[in-house]
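Asker: Here it is, the structure in full.
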Amino acid sequence: MTMLYGFFGTITQPSPLDGYGTSGQIILFINNMMVFVSVVGGLIALFNIVFAGFQYITSNGDTKTHEKVMQKFNMSILGLLLLVSAPIIMGIIGWVLFGNATYFLNPKLVTP
């Protein structure tokens with residue numbers, strides 16, 4: 001257990017967060033959560049693509065099913081593109097505005 005001292009008095013840090021430290025390591029925690037969300041999003045998109053392929057194979061030439069399958073497939077691919085391009089876009093914005101591509105991707109928390 002880590003004891004944190006601050007404006008609100010003594011705060012006991014929860015034991016699952018001990019690995020993140022006490023001096024601005026919330027950035028690491030948020031980064032880990034973003035990696036988790038990206039992996040889960042990728043797995044969901046993969047599942048949707050596989051399921052759409054299965055529906056396409058078993059549709060027996062039904063045009064309505066083909067349209068639904070193509071829409072599901074296209075939305076899954078679009079979701080994957082957004083998952084991949086979001087960090088790239090943030091890197092470009094950070095480089096253009098602040099001269100540092102990792103400004104948003106790996107921020108530095110300034111403490112007093």
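The way I read the labels, and the way they are meant: chains A, B, ... in the order of the structure tokens, residue 1 as the first residue of every chain, and ligand 1 as the first ligand shown, with later ones counted on from there.
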Tell me which protein, DNA and RNA residues are within 12 Å of range 58-74 of chain A, counting only C-alpha atoms, leaving out same-chain ones fewer than 6 positions away, and put them as a ChimeraX atom specification.

Answerer: /A:44-52,80-81
